[in-house]
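Everything below concerns the one structure shown next.
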Amino acid sequence: MIVFDTLEKGQVLGTHTVKVNRADLVRYAGASGDFNPIHWNERFAKEVELPSVIAHGMFTMGAVIDLVSTWVGNPGAVIDYQTRFTKPVVVEDPEGTNPSDFEGTTIEVEGKIGALDAEARTARVDLTVSANGTKVLLKCQAVVQL
């Protein structure tokens with residue numbers, strides 16, 4: 001359990017790595033109902049001037065917030081979560097490999113305490129998010145109630 005009084009601004013919460021491949025995107029499309037072909041059809045994605053198939057924005061946000069939910073120990077403690085998308089999360093084709101062996105794109109997440117509100121007993125967590133070394137989210141922040 002996180003104790004509010006032990007937190008400090010700038011404190012690193014930890015890191016989280018998510019591997020995403022095209023099969024994950026197809027499963028997410030089925031669960032979410034978002035069957036936009038930019039998430040599964042490389043030819044279509046390139047026709048609309050994307051570098052390749054890209055991950056769903058909400059898939060990316062869900063993968064990122066897991067770091068905060070795990071850290072706080074209660075997903076219900078996350079009372080606000082927002083970000084700006086700066087670059088798409090490109091998920092390349094596993095060409096020439098067994099798809100089940102292909103690890104896919106790596107999303108790296110690091111969380112730090114950005115602000116504390118002692119009166120409200122909330123902590124703002126600032127998240128740095130990159131995919132294969134490229135920063136993909138800007139001003140990615142979650143507020144947790146402790």
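If you're wondering about the labels, chains in the structure tokens are A, B, ... by order shown, residues count from 1 in each chain, ligands from 1 in order shown.
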For Leu7 of chain A, please output as number ranges by chain all residues within 10 Å (counting only C-alpha atoms; exclusion window: fewer than 4 positions along the same chain). A: 2-3, 11-13, 113, 115-116, 123
Just-selected residues, N, CA, C and O atoms written as a PDB file, in the first residue's frame:
```pdb
ATOM      1  N   ILE A   2       0.534   2.210  -0.822  1.00  0.00           N
ATOM      2  CA  ILE A   2       1.281   3.455  -0.941  1.00  0.00           C
ATOM      3  C   ILE A   2       0.874   4.397   0.190  1.00  0.00           C
ATOM      4  O   ILE A   2      -0.312   4.627   0.418  1.00  0.00           O
ATOM      5  N   VAL A   3       1.845   4.942   0.881  1.00  0.00           N
ATOM      6  CA  VAL A   3       1.595   5.896   1.960  1.00  0.00           C
ATOM      7  C   VAL A   3       1.910   7.285   1.419  1.00  0.00           C
ATOM      8  O   VAL A   3       3.046   7.565   1.022  1.00  0.00           O
ATOM      9  N   GLN A  11      10.145  11.528  -7.473  1.00  0.00           N
ATOM     10  CA  GLN A  11      10.367  10.122  -7.134  1.00  0.00           C
ATOM     11  C   GLN A  11       9.950   9.226  -8.300  1.00  0.00           C
ATOM     12  O   GLN A  11       8.859   9.371  -8.849  1.00  0.00           O
ATOM     13  N   VAL A  12      10.819   8.314  -8.674  1.00  0.00           N
ATOM     14  CA  VAL A  12      10.521   7.372  -9.761  1.00  0.00           C
ATOM     15  C   VAL A  12       9.700   6.215  -9.207  1.00  0.00           C
ATOM     16  O   VAL A  12      10.068   5.601  -8.209  1.00  0.00           O
ATOM     17  N   LEU A  13       8.563   5.938  -9.884  1.00  0.00           N
ATOM     18  CA  LEU A  13       7.698   4.831  -9.466  1.00  0.00           C
ATOM     19  C   LEU A  13       8.195   3.506 -10.007  1.00  0.00           C
ATOM     20  O   LEU A  13       7.983   2.463  -9.419  1.00  0.00           O
ATOM     21  N   ILE A 113       6.656  10.898  -9.827  1.00  0.00           N
ATOM     22  CA  ILE A 113       5.730  11.799  -9.151  1.00  0.00           C
ATOM     23  C   ILE A 113       5.989  13.212  -9.681  1.00  0.00           C
ATOM     24  O   ILE A 113       7.094  13.737  -9.562  1.00  0.00           O
ATOM     25  N   ALA A 115       3.617  15.902  -9.065  1.00  0.00           N
ATOM     26  CA  ALA A 115       3.065  16.878  -8.120  1.00  0.00           C
ATOM     27  C   ALA A 115       2.316  16.127  -7.029  1.00  0.00           C
ATOM     28  O   ALA A 115       1.791  15.028  -7.261  1.00  0.00           O
ATOM     29  N   LEU A 116       2.277  16.752  -5.863  1.00  0.00           N
ATOM     30  CA  LEU A 116       1.543  16.204  -4.721  1.00  0.00           C
ATOM     31  C   LEU A 116       0.603  17.262  -4.182  1.00  0.00           C
ATOM     32  O   LEU A 116       0.974  18.442  -4.099  1.00  0.00           O
ATOM     33  N   ALA A 123      -1.724  12.393  -5.902  1.00  0.00           N
ATOM     34  CA  ALA A 123      -0.405  12.464  -6.528  1.00  0.00           C
ATOM     35  C   ALA A 123      -0.605  12.468  -8.041  1.00  0.00           C
ATOM     36  O   ALA A 123      -1.382  11.666  -8.566  1.00  0.00           O
TER      37      ALA A 123
END
```
Within 12 Å of segment 19-33 of chain A using only C-alpha atoms, minus same-chain residues under 6 positions, as a PyMOL selection string: chain A and resi 39-42+52-60+62-64+89-95+99-109+130-132
Written file, previous selection with C-alpha atoms, as an mmCIF file, in the first residue's frame:
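Here's the written file selection-v3.cif:
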```cif
data_model
loop_
_atom_site.group_PDB
_atom_site.id
_atom_site.type_symbol
_atom_site.label_atom_id
_atom_site.label_comp_id
_atom_site.auth_asym_id
_atom_site.auth_seq_id
_atom_site.Cartn_x
_atom_site.Cartn_y
_atom_site.Cartn_z
ATOM 1 C CA HIS A 39 -4.665 -1.146 -37.231
ATOM 2 C CA TRP A 40 -4.374 -4.381 -39.217
ATOM 3 C CA ASN A 41 -3.936 -3.759 -42.975
ATOM 4 C CA GLU A 42 -0.445 -2.598 -43.946
ATOM 5 C CA SER A 52 2.841 0.861 -41.410
ATOM 6 C CA VAL A 53 0.091 -0.598 -39.213
ATOM 7 C CA ILE A 54 -0.300 1.400 -35.993
ATOM 8 C CA ALA A 55 -1.606 0.471 -32.564
ATOM 9 C CA HIS A 56 -4.966 1.784 -31.421
ATOM 10 C CA GLY A 57 -4.640 4.901 -29.281
ATOM 11 C CA MET A 58 -6.773 3.421 -26.519
ATOM 12 C CA PHE A 59 -4.723 0.207 -26.616
ATOM 13 C CA THR A 60 -1.609 2.314 -26.059
ATOM 14 C CA GLY A 62 -4.385 1.105 -21.564
ATOM 15 C CA ALA A 63 -0.927 -0.447 -21.781
ATOM 16 C CA VAL A 64 0.649 2.678 -20.299
ATOM 17 C CA VAL A 89 2.999 3.293 -32.269
ATOM 18 C CA VAL A 90 4.111 1.498 -35.424
ATOM 19 C CA VAL A 91 3.757 -2.273 -35.313
ATOM 20 C CA GLU A 92 5.853 -3.848 -38.046
ATOM 21 C CA ASP A 93 5.126 -7.061 -39.917
ATOM 22 C CA PRO A 94 6.939 -10.137 -38.559
ATOM 23 C CA GLU A 95 8.031 -10.925 -42.134
ATOM 24 C CA PRO A 99 4.322 -14.881 -35.888
ATOM 25 C CA SER A 100 4.115 -16.540 -32.469
ATOM 26 C CA ASP A 101 7.879 -15.985 -32.001
ATOM 27 C CA PHE A 102 7.775 -12.339 -33.070
ATOM 28 C CA GLU A 103 7.967 -10.037 -30.066
ATOM 29 C CA GLY A 104 6.761 -6.977 -31.990
ATOM 30 C CA THR A 105 7.052 -3.384 -30.955
ATOM 31 C CA THR A 106 8.310 -2.458 -27.507
ATOM 32 C CA ILE A 107 6.507 0.271 -25.553
ATOM 33 C CA GLU A 108 8.607 1.596 -22.659
ATOM 34 C CA VAL A 109 6.962 3.492 -19.799
ATOM 35 C CA SER A 130 8.332 5.651 -26.066
ATOM 36 C CA ALA A 131 7.924 2.921 -28.672
ATOM 37 C CA ASN A 132 11.077 1.440 -30.144
#
```
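Among the candidates A:Val129, A:Cys140, A:Met61, A:Leu146, the residue lying nearest to Asp117 of chain A is A:Leu146 (atoms considered: only C-alpha atoms).
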Once DSSP has gone over the backbone, tell me which residues of chain A are in alpha helix (DSSP H), as JSON, numbers by chain. {"A": [22, 23, 24, 25, 26, 27, 28, 29, 30, 31, 32, 42, 43, 44, 45, 46, 47, 57, 58, 59, 60, 61, 62, 63, 64, 65, 66, 67, 68, 69, 70, 71, 72]}
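The gap separating atom CA of Val144 of chain A from atom CA of Trp71 of chain A is 10.3 Å, in Å to one decimal.
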Name the residues of chain A that come out as strand (DSSP E) in a backbone DSSP run; write them as a VMD selection string. chain A and resid 12 to 20 78 to 85 105 to 117 122 to 131 134 to 145
